[in-house]
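Visitor: work18.pdb is the file, holding PDB, C-alpha atoms:
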```pdb
ATOM      1  CA  MET A 555     116.372 101.243 123.858
ATOM      2  CA  LYS A 556     116.144 102.738 120.383
ATOM      3  CA  LEU A 557     113.554 104.092 117.977
ATOM      4  CA  ARG A 558     113.622 102.949 114.390
ATOM      5  CA  GLN A 559     111.733 104.766 111.649
ATOM      6  CA  PHE A 560     110.676 103.024 108.434
ATOM      7  CA  ASP A 561     110.378 104.433 104.927
ATOM      8  CA  SER A 562     108.770 101.299 103.500
ATOM      9  CA  ALA A 563     105.354 100.079 104.651
ATOM     10  CA  ARG A 564     106.231  96.560 103.557
ATOM     11  CA  THR A 565     109.411  96.559 105.656
ATOM     12  CA  PHE A 566     107.471  98.058 108.560
ATOM     13  CA  LEU A 567     104.861  95.309 108.282
ATOM     14  CA  GLU A 568     107.512  92.591 108.129
ATOM     15  CA  ARG A 569     109.142  93.929 111.295
ATOM     16  CA  THR A 570     106.048  94.725 113.349
ATOM     17  CA  GLY A 571     103.411  92.361 111.942
ATOM     18  CA  PRO A 572     104.166  89.352 114.177
ATOM     19  CA  PHE A 573     104.160  91.608 117.252
ATOM     20  CA  LEU A 574     100.872  93.278 116.330
ATOM     21  CA  GLU A 575      99.251  89.979 115.374
ATOM     22  CA  ARG A 576      99.558  88.728 118.938
ATOM     23  CA  ASN A 577      96.391  90.787 119.335
ATOM     24  CA  GLU A 578      95.263  91.044 115.734
ATOM     25  CA  ALA A 579      91.728  92.203 116.486
ATOM     26  CA  GLY A 580      92.807  94.697 119.129
ATOM     27  CA  ASN A 581      95.434  96.155 116.806
ATOM     28  CA  ASN A 582      93.134  96.121 113.772
ATOM     29  CA  LEU A 583      93.410  99.864 113.141
ATOM     30  CA  LEU A 584      97.195 100.050 112.962
ATOM     31  CA  LEU A 585      97.579  96.669 111.267
ATOM     32  CA  GLY A 586      94.879  97.368 108.724
ATOM     33  CA  LEU A 587      96.345 100.734 107.781
ATOM     34  CA  VAL A 588      99.819  99.262 107.345
ATOM     35  CA  HIS A 589      98.426  96.465 105.159
ATOM     36  CA  MET A 590      96.712  99.113 103.016
ATOM     37  CA  LEU A 591      99.904 101.177 102.749
ATOM     38  CA  ALA A 592     101.947  98.092 101.866
ATOM     39  CA  GLN A 593      99.454  97.188  99.149
ATOM     40  CA  GLN A 594      99.603 100.707  97.714
ATOM     41  CA  GLU A 595     103.382 100.562  97.847
ATOM     42  CA  SER A 596     103.462  97.280  95.931
ATOM     43  CA  LYS A 597     101.479  98.993  93.164
ATOM     44  CA  GLY A 598     103.949 101.859  93.049
ATOM     45  CA  ASP A 599     101.595 104.291  94.771
ATOM     46  CA  ARG A 600     103.352 106.210  97.532
ATOM     47  CA  ALA A 601     100.840 109.058  97.662
ATOM     48  CA  ALA A 602      99.613 108.175 101.131
ATOM     49  CA  LYS A 603     102.217 109.579 103.493
ATOM     50  CA  ALA A 604     102.693 108.193 106.981
ATOM     51  CA  VAL A 605     105.339 108.210 109.678
ATOM     52  CA  MET A 606     105.992 104.606 110.719
ATOM     53  CA  ALA A 607     108.184 103.833 113.702
ATOM     54  CA  ALA A 608     108.865 101.225 116.359
ATOM     55  CA  VAL A 609     110.692 101.292 119.673
ATOM     56  CA  GLU A 610     112.869  98.301 120.534
ATOM     57  CA  ASP A 611     114.431  97.385 123.862
ATOM     58  CA  ASP A 612     118.128  96.592 124.245
ATOM     59  CA  GLU A 613     117.528  92.981 123.190
ATOM     60  CA  GLY A 614     115.759  94.053 120.017
ATOM     61  CA  SER A 615     112.248  93.156 121.197
ATOM     62  CA  LEU A 616     109.453  95.501 120.200
ATOM     63  CA  VAL A 617     107.915  97.620 122.937
ATOM     64  CA  LEU A 618     105.917 100.237 121.044
ATOM     65  CA  VAL A 619     104.656 100.539 117.471
ATOM     66  CA  MET A 620     103.212 103.735 116.025
ATOM     67  CA  LEU A 621     101.887 105.117 112.773
ATOM     68  CA  LEU A 622     101.173 108.794 112.173
ATOM     69  CA  ASN A 623      98.916 109.842 109.302
ATOM     70  CA  SER A 624      96.989 113.035 108.632
ATOM     71  CA  LEU A 625      94.330 112.153 111.209
ATOM     72  CA  ASN A 626      95.963 110.450 114.165
ATOM     73  CA  MET A 627      98.970 108.890 115.744
ATOM     74  CA  ILE A 628      97.919 105.258 116.210
ATOM     75  CA  VAL A 629      99.908 103.459 118.888
ATOM     76  CA  ALA A 630     100.109  99.817 119.936
ATOM     77  CA  GLY A 631     101.937  97.888 122.587
ATOM     78  CA  GLU A 632     101.404  95.759 125.662
ATOM     79  CA  GLU A 633     100.176  97.896 128.551
ATOM     80  CA  GLU A 634     101.858  95.688 131.148
ATOM     81  CA  GLU A 635     105.287  96.073 129.502
ATOM     82  CA  PRO A 636     107.634  97.400 132.244
ATOM     83  CA  GLU A 637     109.634  99.526 129.793
ATOM     84  CA  LEU A 638     106.567 101.057 128.172
ATOM     85  CA  GLY A 639     106.956 104.435 129.873
ATOM     86  CA  GLN A 640     110.522 104.792 128.650
ATOM     87  CA  ALA A 641     109.452 103.830 125.133
ATOM     88  CA  VAL A 642     106.650 106.403 125.117
ATOM     89  CA  ARG A 643     109.011 109.164 126.262
ATOM     90  CA  LEU A 644     111.498 108.232 123.545
ATOM     91  CA  ALA A 645     108.744 108.313 120.928
ATOM     92  CA  ALA A 646     107.483 111.701 122.104
ATOM     93  CA  THR A 647     111.003 113.150 122.031
ATOM     94  CA  HIS A 648     111.565 111.846 118.514
ATOM     95  CA  LEU A 649     108.291 113.325 117.261
ATOM     96  CA  THR A 650     109.024 116.681 118.866
ATOM     97  CA  GLU A 651     112.535 116.887 117.453
ATOM     98  CA  ALA A 652     111.268 115.860 114.019
ATOM     99  CA  GLY A 653     108.722 118.677 114.053
ATOM    100  CA  ALA A 654     105.853 116.244 113.510
ATOM    101  CA  GLU A 655     102.248 117.398 113.556
ATOM    102  CA  VAL A 656     100.074 115.152 115.718
ATOM    103  CA  PRO A 657      96.363 116.026 115.370
ATOM    104  CA  GLY A 658      95.284 113.235 117.700
ATOM    105  CA  ILE A 659      96.298 109.967 119.321
ATOM    106  CA  VAL A 660      94.440 106.643 119.317
ATOM    107  CA  GLY A 661      95.390 103.525 121.231
ATOM    108  CA  PRO A 662      95.115 101.548 124.462
ATOM    109  CA  PRO A 663      94.382 103.933 127.365
ATOM    110  CA  ALA A 664      97.661 103.442 129.252
ATOM    111  CA  ILE A 665      99.734 104.047 126.124
ATOM    112  CA  ALA A 666      97.710 106.771 124.439
ATOM    113  CA  GLY A 667      97.240 108.601 127.731
ATOM    114  CA  GLN A 668     100.958 108.747 128.484
ATOM    115  CA  LEU A 669     101.869 109.874 124.983
ATOM    116  CA  ALA A 670      99.094 112.477 124.864
ATOM    117  CA  GLY A 671     100.213 113.947 128.180
ATOM    118  CA  ILE A 672     103.862 114.195 127.171
ATOM    119  CA  TRP A 673     103.044 115.584 123.737
ATOM    120  CA  ALA A 674     100.634 118.189 125.110
ATOM    121  CA  SER A 675     103.192 119.345 127.666
ATOM    122  CA  ALA A 676     105.926 119.631 125.039
ATOM    123  CA  LYS A 677     103.683 121.653 122.728
ATOM    124  CA  GLY A 678     102.029 123.834 125.361
ATOM    125  CA  LYS A 679      98.638 122.329 124.597
ATOM    126  CA  THR A 680      95.926 120.513 126.524
ATOM    127  CA  ALA A 681      95.012 116.926 125.716
ATOM    128  CA  PHE A 682      91.373 115.922 125.996
ATOM    129  CA  VAL A 683      89.484 112.696 125.396
ATOM    130  CA  LYS A 684      87.517 112.901 122.173
ATOM    131  CA  MET A 685      86.064 109.419 122.498
ATOM    132  CA  ASN A 686      86.321 106.392 124.766
ATOM    133  CA  GLN A 687      86.129 103.324 122.571
ATOM    134  CA  ARG A 688      85.986  99.558 122.785
ATOM    135  CA  VAL A 689      87.259  97.056 120.242
ATOM    136  CA  TYR A 690      85.041  94.028 119.642
ATOM    137  CA  ARG A 691      85.697  90.747 117.854
ATOM    138  CA  LEU A 692      83.327  88.249 116.255
ATOM    139  CA  ASP A 693      84.370  84.688 115.434
ATOM    140  CA  GLU A 694      80.896  83.220 114.948
ATOM    141  CA  ALA A 695      77.678  85.149 114.493
ATOM    142  CA  LYS A 696      74.788  84.287 116.785
ATOM    143  CA  PRO A 697      71.369  83.723 115.243
ATOM    144  CA  ILE A 698      69.239  86.831 115.677
ATOM    145  CA  PRO A 699      65.766  87.791 114.464
ATOM    146  CA  TYR A 700      66.182  89.845 111.311
ATOM    147  CA  SER A 701      64.065  92.826 110.399
ATOM    148  CA  SER A 702      62.270  92.845 107.072
ATOM    149  CA  GLY A 703      64.476  93.615 104.112
ATOM    150  CA  ARG A 704      67.787  92.408 102.736
ATOM    151  CA  ILE A 705      71.422  93.406 102.464
ATOM    152  CA  ARG A 706      72.966  94.517  99.192
ATOM    153  CA  THR A 707      76.086  96.246  97.924
ATOM    154  CA  ALA A 708      75.712  99.987  97.397
ATOM    155  CA  ASP A 709      75.874 101.035  93.746
ATOM    156  CA  ALA A 710      76.229 104.217  91.720
ATOM    157  CA  GLY A 711      72.540 104.992  92.067
ATOM    158  CA  ASP A 712      73.031 105.321  95.826
ATOM    159  CA  LEU A 713      75.771 107.944  95.597
ATOM    160  CA  GLU A 714      73.856 111.008  96.769
ATOM    161  CA  LEU A 715      72.089 109.129  99.555
ATOM    162  CA  VAL A 716      75.317 107.557 100.802
ATOM    163  CA  ALA A 717      77.092 110.925 100.681
ATOM    164  CA  ASP A 718      74.338 112.408 102.836
ATOM    165  CA  TRP A 719      74.579 109.546 105.304
ATOM    166  CA  ILE A 720      78.368 109.730 105.558
ATOM    167  CA  HIS A 721      78.087 113.444 106.256
ATOM    168  CA  GLU A 722      75.369 112.860 108.870
ATOM    169  CA  PHE A 723      77.446 110.117 110.481
ATOM    170  CA  ALA A 724      80.499 112.392 110.694
ATOM    171  CA  VAL A 725      78.442 115.165 112.272
ATOM    172  CA  SER A 726      76.964 112.716 114.786
ATOM    173  CA  ILE A 727      80.425 111.761 116.080
ATOM    174  CA  GLY A 728      81.802 115.296 116.022
ATOM    175  CA  GLU A 729      84.093 114.907 113.027
ATOM    176  CA  ASN A 730      84.648 117.807 110.639
ATOM    177  CA  VAL A 731      83.798 116.326 107.240
ATOM    178  CA  SER A 732      82.413 118.571 104.506
ATOM    179  CA  ARG A 733      79.619 117.454 102.196
ATOM    180  CA  ASP A 734      82.113 117.408  99.308
ATOM    181  CA  ASP A 735      84.483 115.198 101.298
ATOM    182  CA  ALA A 736      81.572 112.933 102.190
ATOM    183  CA  ALA A 737      80.660 112.675  98.507
ATOM    184  CA  ALA A 738      84.246 111.732  97.639
ATOM    185  CA  LYS A 739      84.263 109.059 100.341
ATOM    186  CA  ALA A 740      80.910 107.752  99.128
ATOM    187  CA  SER A 741      82.178 107.519  95.557
ATOM    188  CA  GLU A 742      85.314 105.641  96.607
ATOM    189  CA  ASN A 743      83.411 103.241  98.876
ATOM    190  CA  ILE A 744      80.898 102.463  96.143
ATOM    191  CA  ARG A 745      83.617 102.067  93.515
ATOM    192  CA  SER A 746      85.522  99.613  95.724
ATOM    193  CA  GLY A 747      82.410  97.599  96.576
ATOM    194  CA  SER A 748      83.047  98.022 100.285
ATOM    195  CA  LEU A 749      79.772  99.681 101.317
ATOM    196  CA  PHE A 750      76.616  97.728 102.062
ATOM    197  CA  LEU A 751      73.030  98.821 102.578
ATOM    198  CA  TRP A 752      70.120  97.211 104.361
ATOM    199  CA  GLU A 753      67.129  97.773 102.125
ATOM    200  CA  ASP A 754      63.501  97.529 103.207
ATOM    201  CA  GLY A 755      61.687  99.012 100.260
ATOM    202  CA  ARG A 756      64.358 101.705 100.363
ATOM    203  CA  PRO A 757      67.860 101.898 101.908
ATOM    204  CA  VAL A 758      67.500 102.223 105.687
ATOM    205  CA  SER A 759      70.936 101.422 107.161
ATOM    206  CA  MET A 760      74.550 101.047 106.057
ATOM    207  CA  ALA A 761      77.826  99.416 107.054
ATOM    208  CA  LYS A 762      81.246  99.163 105.470
ATOM    209  CA  LYS A 763      83.941  96.491 105.279
ATOM    210  CA  THR A 764      87.476  97.830 105.576
ATOM    211  CA  ARG A 765      91.080  97.246 106.673
ATOM    212  CA  PRO A 766      91.575  93.509 106.076
ATOM    213  CA  THR A 767      94.499  91.934 107.917
ATOM    214  CA  ARG A 768      95.990  88.449 107.741
ATOM    215  CA  ASN A 769      93.012  86.771 109.407
ATOM    216  CA  GLY A 770      90.373  89.417 109.978
ATOM    217  CA  ILE A 771      88.470  92.362 108.599
ATOM    218  CA  VAL A 772      86.815  95.404 110.143
ATOM    219  CA  LEU A 773      83.270  96.730 109.998
ATOM    220  CA  SER A 774      82.879 100.490 110.184
ATOM    221  CA  LEU A 775      80.611 103.352 109.134
ATOM    222  CA  VAL A 776      77.587 101.704 110.739
ATOM    223  CA  TYR A 777      74.791 104.243 110.469
ATOM    224  CA  THR A 778      71.004 104.328 110.481
ATOM    225  CA  PRO A 779      69.237 107.663 109.892
ATOM    226  CA  PRO A 780      66.916 108.742 112.741
ATOM    227  CA  PRO A 781      63.624 107.952 110.928
ATOM    228  CA  TYR A 782      64.643 104.292 110.576
ATOM    229  CA  ARG A 783      66.006 103.632 114.047
ATOM    230  CA  ASN A 784      64.610 101.200 116.642
ATOM    231  CA  LYS A 785      63.438  98.838 113.914
ATOM    232  CA  GLY A 786      66.333  96.369 114.015
ATOM    233  CA  TYR A 787      67.823  97.556 110.740
ATOM    234  CA  ALA A 788      71.331  98.203 112.082
ATOM    235  CA  SER A 789      71.418  94.811 113.807
ATOM    236  CA  SER A 790      70.297  93.096 110.612
ATOM    237  CA  CYS A 791      72.797  94.987 108.474
ATOM    238  CA  VAL A 792      75.768  94.324 110.755
ATOM    239  CA  ALA A 793      74.847  90.684 111.375
ATOM    240  CA  SER A 794      74.341  89.990 107.668
ATOM    241  CA  LEU A 795      77.566  91.684 106.620
ATOM    242  CA  SER A 796      79.490  89.912 109.379
ATOM    243  CA  ARG A 797      78.166  86.543 108.204
ATOM    244  CA  LEU A 798      79.047  87.351 104.602
ATOM    245  CA  LEU A 799      82.620  88.196 105.567
ATOM    246  CA  LEU A 800      83.052  85.101 107.727
ATOM    247  CA  ASP A 801      81.653  82.993 104.885
ATOM    248  CA  GLU A 802      84.249  84.570 102.574
ATOM    249  CA  GLY A 803      86.941  82.999 104.741
ATOM    250  CA  TYR A 804      87.887  85.640 107.267
ATOM    251  CA  ARG A 805      88.476  84.077 110.667
ATOM    252  CA  PHE A 806      87.007  87.024 112.508
ATOM    253  CA  CYS A 807      85.436  90.444 112.147
ATOM    254  CA  SER A 808      86.185  93.360 114.433
ATOM    255  CA  LEU A 809      84.888  96.856 115.018
ATOM    256  CA  TYR A 810      85.250  99.919 117.206
ATOM    257  CA  THR A 811      82.401 101.252 119.312
ATOM    258  CA  ASP A 812      81.797 104.511 121.121
ATOM    259  CA  LEU A 813      81.379 103.636 124.801
ATOM    260  CA  SER A 814      79.005 106.565 125.245
ATOM    261  CA  ASN A 815      76.531 104.799 122.937
ATOM    262  CA  PRO A 816      75.106 101.857 124.918
ATOM    263  CA  THR A 817      72.647 101.012 122.149
ATOM    264  CA  SER A 818      75.295 100.129 119.585
ATOM    265  CA  ASN A 819      77.351  98.219 122.148
ATOM    266  CA  ALA A 820      74.289  96.145 123.061
ATOM    267  CA  ILE A 821      73.519  95.478 119.394
ATOM    268  CA  TYR A 822      76.979  94.100 118.731
ATOM    269  CA  ALA A 823      76.915  91.923 121.847
ATOM    270  CA  LYS A 824      73.638  90.318 120.739
ATOM    271  CA  ILE A 825      75.180  89.444 117.385
ATOM    272  CA  GLY A 826      78.090  87.736 119.136
ATOM    273  CA  TYR A 827      80.802  90.379 119.235
ATOM    274  CA  ILE A 828      82.924  90.144 122.372
ATOM    275  CA  PRO A 829      85.109  92.890 123.904
ATOM    276  CA  VAL A 830      88.818  92.626 123.145
ATOM    277  CA  GLN A 831      90.256  95.802 124.611
ATOM    278  CA  ASP A 832      89.480  99.432 125.270
ATOM    279  CA  SER A 833      90.864 102.288 123.225
ATOM    280  CA  VAL A 834      90.828 106.045 123.636
ATOM    281  CA  MET A 835      91.006 108.881 121.124
ATOM    282  CA  TYR A 836      92.752 112.090 122.209
ATOM    283  CA  ARG A 837      92.703 115.498 120.597
ATOM    284  CA  PHE A 838      94.633 118.671 121.492
ATOM    285  CA  ARG A 839      93.710 122.309 121.949
TER     286      ARG A 839
END
```
How does the structure come out when it is put into structure tokens?

Guide:
Amino acid sequence: MKLRQFDSARTFLERTGPFLERNEAGNNLLLGLVHMLAQQESKGDRAAKAVMAAVEDDEGSLVLVMLLNSLNMIVAGEEEEPELGQAVRLAATHLTEAGAEVPGIVGPPAIAGQLAGIWASAKGKTAFVKMNQRVYRLDEAKPIPYSSGRIRTADAGDLELVADWIHEFAVSIGENVSRDDAAAKASENIRSGSLFLWEDGRPVSMAKKTRPTRNGIVLSLVYTPPPYRNKGYASSCVASLSRLLLDEGYRFCSLYTDLSNPTSNAIYAKIGYIPVQDSVMYRFR
């Protein structure tokens, strides 16, 4: 068994893409990030730094794939793989010897849990679960009753509002995002045309399209401010955006949910999203 590290996102994608695409929706986070890095690389932009590595067995078959950026180590693999434990230990040893900084770990519970435990022990830290998540996939949207209003792309006139909402969203999930950082994210999302608003006289809910892969695309940043909740706005926004993306030619949409929020999980199920796999986010202290 050996660990191979990659300097090129495109080479990394060529090597690991077929393996990750066996479960394209479940691996949407890692796959989507690598696609983004490969696209940046093709434009000559190498500003986004990431550690990309894969563990292969003695026959050269992939066992574990991982990507470390400034936020998380994202890991992927098949939880029933008999050599998974050995691969995780090899990865942890490599990271430790390389002096890597790992703020958090995200991935399937059996993989992320093992790696978090080994890493915490090696660093004299304690691993804790920041969020239990579930990955959902939508191939065909169910008809649902829509609330009043319509969906539209966010524009420059929405910048301050969207910045406020991104900041509120981050606070609601316990992420440390400053108002200035939220404003920068809002500006980029509006500039790229990736952020959508449900408008009922005024903007009342938002959702974002992100991380396209070969066949799918992800919805994220789903947020409705408290005064507008329980009116069906989030359901309408997500359902409409999902339909738009499927109509554009994507074979499926996927998204992550927080398992501690039964409301959002129920909303997605009504639209037609089905569970693909669970995921867990670890942090260290």

Visitor: Suppose a student applies the PyMOL selection byres ((chain A and resi 631) around 9) to this structure; what residues should they get, written as a compact mmCIF listing (two decimals) with C-alpha atoms, keeping the file's coordinate frame?

Guide:
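The resulting file, out29.txt, is reproduced below:
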```
# COMPACT_ATOMS: atom_id res chain seq x y z
CA PHE A 573 104.16 91.61 117.25
CA LEU A 574 100.87 93.28 116.33
CA ASN A 581 95.43 96.16 116.81
CA LEU A 616 109.45 95.50 120.20
CA VAL A 617 107.92 97.62 122.94
CA LEU A 618 105.92 100.24 121.04
CA VAL A 619 104.66 100.54 117.47
CA MET A 620 103.21 103.74 116.02
CA VAL A 629 99.91 103.46 118.89
CA ALA A 630 100.11 99.82 119.94
CA GLU A 632 101.40 95.76 125.66
CA GLU A 633 100.18 97.90 128.55
CA GLU A 634 101.86 95.69 131.15
CA GLU A 635 105.29 96.07 129.50
CA LEU A 638 106.57 101.06 128.17
CA GLY A 661 95.39 103.52 121.23
CA PRO A 662 95.12 101.55 124.46
CA ILE A 665 99.73 104.05 126.12
```

Visitor: Distance CA of Tyr787 (chain A)-CA of Trp752 (chain A), one decimal place?

Guide: 6.8 Å

Visitor: If we count only C-alpha atoms, what is near Ser759 (chain A) at a cut-off of 6 Å, once residues fewer than 5 positions away on the same chain are taken out, given as a list in words?

Guide: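 The contact residues come out as Leu751, Trp752, Tyr777, Thr778 and Ala788 of chain A.
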
Visitor: Looking at all atoms listed in the file, which of A:Leu715, A:Val792, A:Ala670, A:Ile628 is the one that sits closest to Leu583 (chain A)?

Guide: A:Ile628

Visitor: Given only C-alpha atoms as the basis, pick out the residue of A:Lys785, A:Arg558, A:Arg839, A:Lys824 nearest to Asp611 (chain A).

Guide: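 So, comparing all the options, the nearest one is A:Arg558.
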
Visitor: Counting all atoms listed in the file, what is within 8 Å of Trp673 (chain A), bar same-chain residues fewer than 3 positions away, as a VMD selection string?

Guide: chain A and resid 646 650 669 to 670 676 to 677

Visitor: Considering only C-alpha atoms, can you say which of A:Phe723, A:Tyr700, A:Tyr690, A:Tyr810 comes closest to Ile828 (chain A)?

Guide: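 Of A:Phe723, A:Tyr700, A:Tyr690, A:Tyr810, the one nearest Ile828 (chain A) is A:Tyr690, counting only C-alpha atoms.
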
Visitor: Applying the PyMOL selection byres ((chain A and resi 764) around 12) to the file I just gave you, which residues come out? Please list them as a ChimeraX atom specification.

Guide: /A:582-583,585-587,589-590,743,746-750,761-763,765-767,770-776,795-796,799,807-809

Visitor: For the residues selected in the previous step, produce a file with C-alpha atoms as a compact mmCIF listing (two decimals), keeping the file's coordinate frame.

Guide:
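Heads up, here's the output in result28.txt:
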```txt
# COMPACT_ATOMS: atom_id res chain seq x y z
CA ASN A 582 93.13 96.12 113.77
CA LEU A 583 93.41 99.86 113.14
CA LEU A 585 97.58 96.67 111.27
CA GLY A 586 94.88 97.37 108.72
CA LEU A 587 96.34 100.73 107.78
CA HIS A 589 98.43 96.46 105.16
CA MET A 590 96.71 99.11 103.02
CA ASN A 743 83.41 103.24 98.88
CA SER A 746 85.52 99.61 95.72
CA GLY A 747 82.41 97.60 96.58
CA SER A 748 83.05 98.02 100.28
CA LEU A 749 79.77 99.68 101.32
CA PHE A 750 76.62 97.73 102.06
CA ALA A 761 77.83 99.42 107.05
CA LYS A 762 81.25 99.16 105.47
CA LYS A 763 83.94 96.49 105.28
CA ARG A 765 91.08 97.25 106.67
CA PRO A 766 91.58 93.51 106.08
CA THR A 767 94.50 91.93 107.92
CA GLY A 770 90.37 89.42 109.98
CA ILE A 771 88.47 92.36 108.60
CA VAL A 772 86.82 95.40 110.14
CA LEU A 773 83.27 96.73 110.00
CA SER A 774 82.88 100.49 110.18
CA LEU A 775 80.61 103.35 109.13
CA VAL A 776 77.59 101.70 110.74
CA LEU A 795 77.57 91.68 106.62
CA SER A 796 79.49 89.91 109.38
CA LEU A 799 82.62 88.20 105.57
CA CYS A 807 85.44 90.44 112.15
CA SER A 808 86.18 93.36 114.43
CA LEU A 809 84.89 96.86 115.02
```

Visitor: Distance CA of Trp719 (chain A)-CA of Ala736 (chain A), one decimal place?

Guide: 8.4 Å

Visitor: Would you translate the PyMOL selection byres ((chain A and resi 560-572) around 7) into the concrete set of residues it matches in this file, as a list in words?

Guide: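 Evaluating the PyMOL selection byres ((chain A and resi 560-572) around 7) on these coordinates yields Arg558, Gln559, Phe573, Leu574, Glu575, Arg576, Val588, Leu591, Ala592, Met606 and Ala607 of chain A.
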
Visitor: Find the distance between CA of Glu655 (chain A) and CA of Ser732 (chain A) and write it in Å to one decimal.

Guide: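 Computing the Euclidean distance for CA of Glu655 (chain A) and CA of Ser732 (chain A) yields 21.8 Å.
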
Visitor: Axis-aligned box over every listed atom of region 686-702 of chain A, padded by 3 Å per side: centre and edges in Å to one decimal, as AutoDock Vina command-line options?

Guide:
```
--center_x 74.8 --center_y 94.8 --center_z 115.9 --size_x 31.0 --size_y 29.2 --size_z 23.7
```

Visitor: Nearest to Met835 (chain A): which of A:Leu625, A:Ile744, A:Gly639, A:Lys679 is it, counting all atoms listed in the file?

Guide: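 Looking at the shortest contact to Met835 (chain A), the residue is A:Leu625.
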